[in-house]
$ cat run-v2.cif   # mmCIF, C-alpha atoms and all ligand atoms
data_model
#
loop_
_atom_site.label_atom_id
_atom_site.label_comp_id
_atom_site.auth_asym_id
_atom_site.auth_seq_id
_atom_site.Cartn_x
_atom_site.Cartn_y
_atom_site.Cartn_z
CA MET I 1168 0.00 0.00 0.00
CA GLN I 1169 1.38 3.45 -0.83
CA SER I 1170 1.49 5.82 2.09
CA ALA I 1171 1.90 9.56 1.85
CA SER I 1172 3.81 9.56 5.13
CA SER I 1173 6.92 7.51 5.88
CA PRO I 1174 6.11 3.87 6.61
CA VAL I 1175 6.10 2.69 10.24
CA ILE I 1176 5.20 -0.95 9.60
CA VAL I 1177 6.53 -2.76 6.53
CA PHE I 1178 5.93 -6.41 5.57
CA ASP I 1179 8.11 -7.60 2.72
CA ASN I 1180 6.86 -10.80 1.12
CA VAL I 1181 6.08 -12.48 4.44
CA ARG I 1182 5.24 -16.17 4.50
CA LYS I 1183 4.36 -17.91 7.77
CA THR I 1184 3.79 -21.61 8.19
CA TYR I 1185 3.22 -23.30 11.53
CA ALA I 1186 5.24 -26.49 11.85
CA ALA I 1187 3.50 -29.82 11.80
CA ARG I 1188 2.69 -31.32 15.20
CA ARG I 1189 2.19 -34.99 16.01
CA ALA I 1190 -1.42 -35.23 14.87
CA SER I 1191 -1.73 -32.09 12.73
CA PRO I 1192 -0.07 -31.25 9.40
CA GLU I 1193 1.85 -28.04 8.62
CA VAL I 1194 -0.42 -24.97 8.38
CA GLY I 1195 0.20 -22.09 5.95
CA ALA I 1196 -1.07 -18.97 7.77
CA LEU I 1197 0.35 -16.17 5.58
CA ASP I 1198 1.41 -16.57 1.98
CA GLY I 1199 3.51 -13.76 0.53
CA VAL I 1200 2.12 -10.69 2.33
CA SER I 1201 3.61 -7.29 1.53
CA LEU I 1202 2.18 -4.14 3.06
CA SER I 1203 3.14 -0.76 4.41
CA VAL I 1204 1.44 1.32 7.12
CA GLY I 1205 2.28 5.02 7.12
CA ALA I 1206 2.99 7.10 10.24
CA GLY I 1207 -0.21 8.32 11.87
CA GLU I 1208 -2.47 6.12 9.76
CA ILE I 1209 -5.24 3.85 10.99
CA VAL I 1210 -5.16 0.69 8.89
CA GLY I 1211 -7.83 -1.97 9.26
CA VAL I 1212 -7.13 -5.58 8.34
CA ILE I 1213 -10.37 -7.47 7.77
CA GLY I 1214 -10.86 -11.15 7.07
CA ARG I 1215 -12.86 -14.16 8.10
CA SER I 1216 -11.83 -16.48 10.90
CA GLY I 1217 -8.63 -18.33 9.97
CA ALA I 1218 -7.60 -15.76 7.32
CA GLY I 1219 -4.32 -15.09 9.13
CA LYS I 1220 -5.15 -11.81 10.90
CA SER I 1221 -3.83 -12.71 14.35
CA THR I 1222 -0.71 -14.21 12.81
CA LEU I 1223 -0.13 -10.96 10.94
CA ILE I 1224 -0.42 -8.84 14.08
CA ARG I 1225 1.75 -11.24 16.14
CA LEU I 1226 4.48 -10.87 13.53
CA VAL I 1227 4.48 -7.10 14.12
CA ASN I 1228 5.39 -7.41 17.81
CA GLY I 1229 7.65 -10.40 17.30
CA LEU I 1230 5.43 -12.96 19.07
CA GLU I 1231 5.84 -14.95 15.85
CA ARG I 1232 8.68 -14.94 13.34
CA PRO I 1233 8.16 -15.07 9.58
CA THR I 1234 9.11 -18.33 7.88
CA THR I 1235 10.47 -16.20 5.03
CA GLY I 1236 10.39 -12.46 4.34
CA SER I 1237 10.85 -9.59 6.78
CA VAL I 1238 8.85 -7.39 9.15
CA THR I 1239 10.12 -3.89 9.95
CA VAL I 1240 8.67 -1.55 12.59
CA ASP I 1241 9.87 2.03 12.81
CA GLY I 1242 13.04 1.17 10.89
CA THR I 1243 13.95 -1.88 13.01
CA GLU I 1244 13.72 -5.32 11.45
CA ILE I 1245 11.65 -7.07 14.14
CA SER I 1246 12.07 -10.44 12.46
CA ALA I 1247 15.86 -10.24 12.94
CA LEU I 1248 15.95 -9.31 16.66
CA ASP I 1249 16.96 -11.60 19.52
CA GLU I 1250 14.84 -11.79 22.72
CA ARG I 1251 16.64 -8.87 24.33
CA GLY I 1252 16.23 -6.70 21.23
CA LEU I 1253 12.57 -7.69 21.04
CA ARG I 1254 11.92 -6.62 24.63
CA ALA I 1255 13.26 -3.15 23.84
CA ALA I 1256 11.38 -2.91 20.52
CA ARG I 1257 8.08 -3.92 22.15
CA ARG I 1258 8.12 -0.74 24.24
CA SER I 1259 7.32 1.17 21.07
CA ILE I 1260 4.50 -1.26 20.19
CA GLY I 1261 1.35 -1.28 22.33
CA MET I 1262 -1.32 -3.93 22.00
CA ILE I 1263 -4.96 -4.32 23.01
CA PHE I 1264 -6.94 -7.56 23.02
CA GLN I 1265 -10.46 -8.90 22.58
CA HIS I 1266 -10.61 -10.14 26.19
CA PHE I 1267 -8.61 -7.19 27.60
CA ASN I 1268 -5.99 -9.43 29.31
CA LEU I 1269 -5.98 -7.42 32.54
CA LEU I 1270 -4.52 -8.75 35.78
CA SER I 1271 -7.49 -9.38 38.07
CA SER I 1272 -5.35 -8.90 41.18
CA ARG I 1273 -4.42 -5.33 40.23
CA THR I 1274 -6.54 -2.18 40.16
CA ALA I 1275 -6.98 -0.05 37.04
CA PHE I 1276 -4.02 2.00 38.27
CA GLY I 1277 -1.94 -1.12 38.91
CA ASN I 1278 -2.62 -2.56 35.48
CA VAL I 1279 -1.64 0.63 33.68
CA ALA I 1280 1.45 1.00 35.90
CA LEU I 1281 2.73 -2.51 35.14
CA PRO I 1282 4.64 -1.82 31.88
CA LEU I 1283 6.28 1.19 33.54
CA GLU I 1284 7.33 -0.88 36.57
CA ILE I 1285 8.81 -3.49 34.23
CA ALA I 1286 10.67 -0.71 32.40
CA GLY I 1287 12.09 0.37 35.78
CA ARG I 1288 10.60 3.88 35.86
CA PRO I 1289 10.72 5.74 39.23
CA SER I 1290 7.46 5.58 41.23
CA SER I 1291 6.84 9.34 41.17
CA GLU I 1292 6.99 9.31 37.38
CA ILE I 1293 4.72 6.24 37.27
CA LYS I 1294 2.16 7.96 39.48
CA ASP I 1295 2.01 11.04 37.25
CA ARG I 1296 1.98 9.15 33.99
CA VAL I 1297 -0.69 6.63 35.02
CA GLY I 1298 -2.85 9.47 36.35
CA MET I 1299 -2.51 11.26 33.01
CA LEU I 1300 -3.32 8.08 31.03
CA LEU I 1301 -6.41 7.26 33.12
CA GLU I 1302 -7.54 10.84 32.54
CA LEU I 1303 -6.96 10.45 28.79
CA VAL I 1304 -9.20 7.37 28.58
CA GLY I 1305 -11.88 8.87 30.86
CA LEU I 1306 -11.28 6.64 33.90
CA ALA I 1307 -9.73 9.03 36.42
CA ASP I 1308 -12.52 8.20 38.91
CA LYS I 1309 -12.06 4.41 38.54
CA ARG I 1310 -8.36 4.23 39.31
CA ASP I 1311 -8.78 2.05 42.41
CA ARG I 1312 -11.32 -0.37 40.92
CA TYR I 1313 -10.43 -3.97 40.14
CA PRO I 1314 -11.25 -5.44 36.69
CA ALA I 1315 -14.17 -7.42 38.18
CA GLU I 1316 -15.72 -4.08 39.19
CA LEU I 1317 -15.48 -2.57 35.70
CA SER I 1318 -17.73 -2.87 32.63
CA GLY I 1319 -16.36 -4.31 29.37
CA GLY I 1320 -15.89 -0.84 27.91
CA GLU I 1321 -14.09 0.33 31.05
CA LYS I 1322 -11.82 -2.72 31.00
CA GLN I 1323 -10.89 -1.96 27.41
CA ARG I 1324 -10.15 1.66 28.39
CA VAL I 1325 -7.74 0.31 31.01
CA GLY I 1326 -6.26 -1.91 28.28
CA ILE I 1327 -5.78 1.12 26.05
CA ALA I 1328 -4.18 3.18 28.84
CA ARG I 1329 -1.83 0.26 29.62
CA ALA I 1330 -0.92 -0.08 25.93
CA LEU I 1331 -0.03 3.62 25.84
CA ALA I 1332 2.02 3.56 29.05
CA THR I 1333 5.43 3.29 27.40
CA ALA I 1334 4.50 5.94 24.79
CA PRO I 1335 4.51 3.55 21.81
CA LYS I 1336 4.56 4.69 18.19
CA VAL I 1337 2.30 1.84 17.11
CA LEU I 1338 -0.88 0.45 18.63
CA LEU I 1339 -1.97 -3.04 17.59
CA SER I 1340 -5.58 -4.05 18.14
CA ASP I 1341 -6.66 -7.68 17.82
CA GLU I 1342 -10.48 -7.72 17.71
CA ALA I 1343 -10.48 -5.21 20.58
CA THR I 1344 -14.18 -4.40 20.22
CA SER I 1345 -15.43 -7.88 19.33
CA ALA I 1346 -16.57 -8.64 22.89
CA LEU I 1347 -18.39 -5.30 23.30
CA ASP I 1348 -21.94 -4.21 22.48
CA PRO I 1349 -22.42 -1.79 19.55
CA GLU I 1350 -22.73 1.34 21.68
CA THR I 1351 -19.60 0.54 23.72
CA THR I 1352 -17.81 -0.39 20.49
CA ALA I 1353 -18.61 3.05 19.08
CA GLN I 1354 -17.22 4.72 22.24
CA ILE I 1355 -13.99 2.70 22.14
CA LEU I 1356 -13.53 3.41 18.41
CA ALA I 1357 -14.08 7.12 19.04
CA LEU I 1358 -11.42 6.97 21.78
CA LEU I 1359 -8.94 5.24 19.45
CA LYS I 1360 -9.61 7.84 16.77
CA ARG I 1361 -9.02 10.66 19.25
CA ILE I 1362 -5.76 9.08 20.46
CA ASN I 1363 -4.67 8.66 16.84
CA ARG I 1364 -5.34 12.35 16.21
CA GLU I 1365 -3.99 13.78 19.43
CA LEU I 1366 -0.90 11.59 19.84
CA GLY I 1367 -0.22 10.91 16.15
CA LEU I 1368 -0.26 7.20 17.01
CA THR I 1369 -0.19 4.70 14.13
CA ILE I 1370 -2.90 2.06 14.59
CA LEU I 1371 -3.10 -1.37 12.97
CA LEU I 1372 -6.36 -3.01 13.84
CA ILE I 1373 -7.64 -6.38 12.84
CA THR I 1374 -11.29 -7.27 12.89
CA HIS I 1375 -13.86 -9.50 11.24
CA GLU I 1376 -16.40 -6.65 11.37
CA MET I 1377 -16.64 -4.25 8.46
CA ALA I 1378 -18.54 -1.81 10.70
CA VAL I 1379 -15.35 -1.29 12.74
CA VAL I 1380 -13.26 -0.60 9.66
CA LYS I 1381 -15.90 1.72 8.25
CA THR I 1382 -15.86 3.95 11.30
CA ILE I 1383 -12.17 4.62 11.86
CA ALA I 1384 -9.81 3.12 9.26
CA ASP I 1385 -8.09 5.33 6.67
CA GLN I 1386 -6.94 2.28 4.71
CA VAL I 1387 -8.33 -1.24 4.49
CA ILE I 1388 -6.54 -4.50 3.79
CA VAL I 1389 -8.71 -7.54 3.02
CA LEU I 1390 -7.07 -10.83 3.96
CA GLU I 1391 -8.27 -14.23 2.76
CA ALA I 1392 -6.52 -17.56 3.22
CA GLY I 1393 -3.24 -15.83 4.09
CA ARG I 1394 -3.19 -13.50 1.10
CA ILE I 1395 -4.12 -9.85 0.59
CA ILE I 1396 -6.99 -9.93 -1.89
CA GLU I 1397 -7.78 -6.23 -1.90
CA GLN I 1398 -6.50 -3.02 -0.31
CA GLY I 1399 -7.01 0.71 -0.60
CA ALA I 1400 -8.51 3.83 0.97
CA THR I 1401 -11.52 2.88 3.10
CA PHE I 1402 -13.97 4.99 1.13
CA ASP I 1403 -12.80 3.53 -2.21
CA ILE I 1404 -13.05 -0.03 -0.90
CA PHE I 1405 -16.66 0.64 0.13
CA ALA I 1406 -17.54 2.46 -3.09
CA HIS I 1407 -15.85 -0.01 -5.48
CA PRO I 1408 -15.22 -3.38 -3.84
CA SER I 1409 -13.80 -5.61 -6.55
CA HIS I 1410 -13.30 -9.02 -4.91
CA PRO I 1411 -16.44 -11.05 -4.11
CA THR I 1412 -15.33 -11.45 -0.46
CA THR I 1413 -14.90 -7.69 -0.11
CA ARG I 1414 -18.32 -7.18 -1.72
CA SER I 1415 -19.89 -9.42 0.83
CA PHE I 1416 -18.13 -7.62 3.73
CA VAL I 1417 -19.20 -4.25 2.32
CA GLY I 1418 -22.76 -5.47 1.70
CA SER I 1419 -23.03 -6.51 5.32
CA VAL I 1420 -22.86 -2.89 6.49
CA THR I 1421 -24.03 -0.73 3.58
CA GLY I 1422 -27.23 -2.70 2.99
CA SER I 1423 -26.23 -3.30 -0.62
CA ALA I 1424 -26.73 -7.01 -0.13
CA LEU I 1425 -29.91 -8.02 -1.93
CA PRO I 1426 -32.90 -9.39 -0.08
CA GLU I 1427 -32.76 -13.19 -0.24
CA ASP I 1428 -36.00 -13.69 -2.22
CA LEU I 1429 -34.93 -11.17 -4.86
CA ARG I 1430 -31.48 -12.71 -5.27
CA GLY I 1431 -33.10 -16.07 -5.98
CA ARG I 1432 -35.23 -14.59 -8.78
CA LEU I 1433 -32.45 -12.61 -10.53
CA ARG I 1434 -31.54 -13.68 -14.07
CA ALA I 1435 -28.49 -12.56 -16.03
CA GLU I 1436 -30.46 -12.14 -19.27
CA PRO I 1437 -33.43 -9.74 -19.86
CA VAL I 1438 -36.83 -11.29 -19.27
CA ALA I 1439 -39.58 -10.35 -21.81
CA GLY I 1440 -41.94 -7.84 -20.16
CA GLY I 1441 -39.84 -7.95 -16.97
CA GLN I 1442 -37.79 -5.46 -14.98
CA ALA I 1443 -34.12 -4.63 -14.67
CA VAL I 1444 -32.69 -4.38 -11.14
CA LEU I 1445 -30.07 -1.64 -10.67
CA LYS I 1446 -27.83 -0.76 -7.78
CA ILE I 1447 -26.94 2.91 -7.58
CA VAL I 1448 -24.16 4.19 -5.35
CA TRP I 1449 -23.64 7.86 -4.69
CA THR I 1450 -21.14 9.61 -2.54
CA GLY I 1451 -22.24 13.25 -2.47
CA GLU I 1452 -24.81 15.09 -0.39
CA GLN I 1453 -27.82 14.38 -2.62
CA SER I 1454 -30.70 12.44 -1.14
CA GLY I 1455 -32.01 9.14 -2.41
CA ASP I 1456 -35.46 10.68 -3.01
CA ARG I 1457 -34.02 13.28 -5.36
CA VAL I 1458 -32.06 10.67 -7.29
CA LEU I 1459 -35.20 8.61 -7.80
CA GLY I 1460 -37.40 11.59 -8.62
CA GLN I 1461 -35.01 12.89 -11.25
CA LEU I 1462 -34.71 9.50 -12.88
CA ALA I 1463 -38.50 8.95 -12.99
CA ARG I 1464 -39.07 12.43 -14.45
CA ALA I 1465 -36.20 12.30 -16.96
CA LEU I 1466 -37.38 9.02 -18.44
CA SER I 1467 -41.09 9.11 -17.53
CA ILE I 1468 -40.92 5.54 -16.29
CA ASP I 1469 -42.01 3.72 -13.18
CA VAL I 1470 -39.17 3.31 -10.74
CA SER I 1471 -39.71 1.02 -7.80
CA LEU I 1472 -37.45 1.29 -4.80
CA LEU I 1473 -36.38 -2.11 -3.49
CA HIS I 1474 -33.88 -0.97 -0.90
CA GLY I 1475 -32.24 2.28 0.14
CA GLN I 1476 -29.75 3.29 2.78
CA ILE I 1477 -27.48 6.20 3.59
CA ASP I 1478 -24.34 5.65 5.58
CA THR I 1479 -21.19 7.46 6.66
CA ILE I 1480 -17.96 5.86 5.50
CA ALA I 1481 -14.64 7.33 6.61
CA GLY I 1482 -16.54 10.51 7.47
CA ARG I 1483 -18.24 10.92 4.05
CA PRO I 1484 -21.89 10.30 3.11
CA PHE I 1485 -22.40 7.13 1.13
CA GLY I 1486 -25.77 6.11 -0.30
CA THR I 1487 -27.00 2.88 -1.81
CA LEU I 1488 -30.28 2.38 -3.69
CA THR I 1489 -31.56 -0.79 -5.27
CA ILE I 1490 -34.31 -0.09 -7.80
CA ALA I 1491 -36.31 -1.87 -10.48
CA ILE I 1492 -37.24 -0.24 -13.82
CA PRO I 1493 -38.80 -1.58 -17.03
CA GLY I 1494 -36.28 -4.04 -18.41
CA ASP I 1495 -36.42 -3.41 -22.17
CA ALA I 1496 -33.09 -2.52 -23.78
CA ALA I 1497 -34.04 1.04 -24.80
CA THR I 1498 -35.33 2.04 -21.36
CA LEU I 1499 -32.39 0.45 -19.63
CA ARG I 1500 -29.86 2.25 -21.84
CA ALA I 1501 -31.65 5.60 -21.35
CA ALA I 1502 -31.69 5.08 -17.57
CA LEU I 1503 -28.00 4.22 -17.42
CA ASP I 1504 -27.20 7.34 -19.50
CA ALA I 1505 -29.33 9.54 -17.26
CA LEU I 1506 -27.69 8.16 -14.12
CA ALA I 1507 -24.20 8.57 -15.57
CA ARG I 1508 -25.01 12.23 -16.37
CA GLN I 1509 -25.78 12.69 -12.67
CA ASP I 1510 -22.40 11.19 -11.77
CA LEU I 1511 -23.99 8.15 -10.17
CA ARG I 1512 -22.27 4.82 -10.29
CA THR I 1513 -24.74 2.19 -11.44
CA GLU I 1514 -24.50 -1.55 -11.67
CA VAL I 1515 -27.08 -3.76 -13.40
CA LEU I 1516 -27.59 -6.56 -10.90
CA GLY I 1517 -29.84 -8.57 -13.24
CA HIS I 1518 -33.39 -9.03 -14.49
CA VAL I 1519 -36.60 -10.29 -12.95
CA ALA I 1520 -39.91 -11.38 -14.48
N1 LIG R 1 0.17 -21.43 16.96
C1 LIG R 1 -0.37 -22.03 15.89
N2 LIG R 1 -0.05 -23.29 15.54
C2 LIG R 1 -0.58 -23.89 14.46
N3 LIG R 1 -1.48 -23.28 13.63
C3 LIG R 1 -1.85 -22.03 13.92
C4 LIG R 1 -1.34 -21.33 15.06
N4 LIG R 1 -1.90 -20.09 15.10
C5 LIG R 1 -2.72 -20.02 14.04
N5 LIG R 1 -2.71 -21.17 13.31
C6 LIG R 1 -3.45 -21.44 12.06
O1 LIG R 1 -3.08 -20.46 11.12
C7 LIG R 1 -4.22 -20.02 10.38
C8 LIG R 1 -4.44 -18.53 10.59
O2 LIG R 1 -4.81 -18.32 11.94
P1 LIG R 1 -4.99 -16.86 12.59
O3 LIG R 1 -3.81 -16.04 12.23
O4 LIG R 1 -5.30 -17.05 14.02
O5 LIG R 1 -6.28 -16.33 11.78
P2 LIG R 1 -7.41 -15.27 12.21
O6 LIG R 1 -6.90 -14.42 13.31
O7 LIG R 1 -7.68 -14.51 10.94
O8 LIG R 1 -8.62 -16.08 12.61
C9 LIG R 1 -5.39 -20.89 10.84
O9 LIG R 1 -5.47 -21.99 9.96
C10 LIG R 1 -4.95 -21.33 12.23
O10 LIG R 1 -5.54 -22.56 12.56
MG MG R 2 -7.61 -13.97 15.20
#

$ encode --input "run-v2.cif" --output "structure tokens" --more "lines below"
Ligand SMILES: Nc1ncnc2c1ncn2[C@@H]1O[C@H](COP(=O)(O)OP(=O)(O)O)[C@@H](O)[C@H]1O
Ligand SMILES: [Mg+2]
Amino acid sequence: MQSASSPVIVFDNVRKTYAARRASPEVGALDGVSLSVGAGEIVGVIGRSGAGKSTLIRLVNGLERPTTGSVTVDGTEISALDERGLRAARRSIGMIFQHFNLLSSRTAFGNVALPLEIAGRPSSEIKDRVGMLLELVGLADKRDRYPAELSGGEKQRVGIARALATAPKVLLSDEATSALDPETTAQILALLKRINRELGLTILLITHEMAVVKTIADQVIVLEAGRIIEQGATFDIFAHPSHPTTRSFVGSVTGSALPEDLRGRLRAEPVAGGQAVLKIVWTGEQSGDRVLGQLARALSIDVSLLHGQIDTIAGRPFGTLTIAIPGDAATLRAALDALARQDLRTEVLGHVA
């Protein structure tokens, strides 16, 4: 991926296979992955279970080593470091987890202080810094609570504060919102976005949820069976997904997936006396009603709305309409011309009787 800023994380043709064990054969987890994450970017890696996402993130902090290829973070080749070198490098790489991984025997304060104690910082400095971090994540009043006394969202805030303790350049997030309800997820994503903006922190987050990517990622990488199948700016990926897997991820949040009954009736070829089904995507401020009204007036045809939704992707409005119009060739061509004149991207999904 090209980045405007200098790259902080670079994968060069990384292959990772897990060795065969007694009963199980060798597993190929990543197969020739090259990528680059620019300073201050939020990059989302999305893929189904088993795609290789966790392997990818564990290669960044050296919990796994590539079988071939190299992984570089902030100019240091992580994949070439020994244990001692890794310990030092990990201070500039924070990580948050799906199940928070807090120590139940320590308070919020104690959990956030831990990386600083390990780094041997003086206790006065630890006190100030932990206080500041708990303030940053909105938990100043919960500093003496134990994890069991905190909600899921609060636990993840402690996780974030702990990840930031050693002032890392990179924050890795492995499904960090997957155990949270939608409202708490939105709050945690907003916090990550604010930290990214205020601290200039580079964030690599992996998720199986397109809704997470949609909200905060600048760039998206789609991983399938250990390979990158698509990548680009978040808005572009949503507006023009090219791989079928990406289309299905995108459809899951933009409502562009067709209702089941309609999908079953769609034919590739025109049906005599039938209708054509079109998907229209627009990315400006115009409303769906206006788009439909203009089309109906321009062509004096019946337009039926099958599905419509407006969304915000990477901060920009993004609309999807699925409509049916008379399916004869002349009407269809005139409709496509009229839509193109309005700068609307249209796809003929098929024909129905
Ligand atoms: N420590 C391991 N030993 C053997 N196989 C593993 C190990 N970790 C992951 N795998 C396998 O590697 C593949 C990718 O796994 P993973 O990176 O966890 O994917 P994801 O996070 O996308 O679900 C899967 O087939 C998984 O079973
Ligand atoms: Mg995983």

$ residues_near_ligand --input "run-v2.cif" --ligand "ligand MG 2 (chain R)" --cutoff "9 Å" --atoms "all atoms listed in the file" --output "PyMOL selection string"
chain I and resi 1215-1222+1224+1341-1342+1373-1375

$ atom_distance --input "run-v2.cif" --atom1 "CA of Pro1335 (chain I)" --atom2 "CA of Lys1183 (chain I)"
25.6 Å

$ closest_atom_pairs --input "run-v2.cif" --of "region 1341-1398 of chain I" --to "region 1298-1311 of chain I" --cutoff "10 Å" --atoms "only C-alpha atoms" --output "CSV"
residue,atom,partner,partner_atom,distance
I:Ile1355,CA,I:Val1304,CA,9.3
I:Leu1358,CA,I:Val1304,CA,7.2
I:Leu1359,CA,I:Val1304,CA,9.4
I:Arg1361,CA,I:Leu1303,CA,9.8
I:Ile1362,CA,I:Leu1303,CA,8.5

$ write_last_selection --input "run-v2.cif" --atoms "C-alpha atoms" --output "short mmCIF file (atom, residue, chain, number, x, y, z; two decimals), in the coordinates of the input"
data_model
loop_
_atom_site.label_atom_id
_atom_site.label_comp_id
_atom_site.auth_asym_id
_atom_site.auth_seq_id
_atom_site.Cartn_x
_atom_site.Cartn_y
_atom_site.Cartn_z
CA ILE I 1355 -13.99 2.70 22.14
CA LEU I 1358 -11.42 6.97 21.78
CA LEU I 1359 -8.94 5.24 19.45
CA ARG I 1361 -9.02 10.66 19.25
CA ILE I 1362 -5.76 9.08 20.46
#

$ atom_distance --input "run-v2.cif" --atom1 "atom C10 of ligand LIG 1 (chain R)" --atom2 "CA of Ala1196 (chain I)"
6.4 Å

$ closest_residue --input "run-v2.cif" --among "I:Gln1265, I:Ala1392, I:Leu1270, I:Arg1324" --to "ligand LIG 1 (chain R)" --atoms "all atoms listed in the file"
I:Ala1392
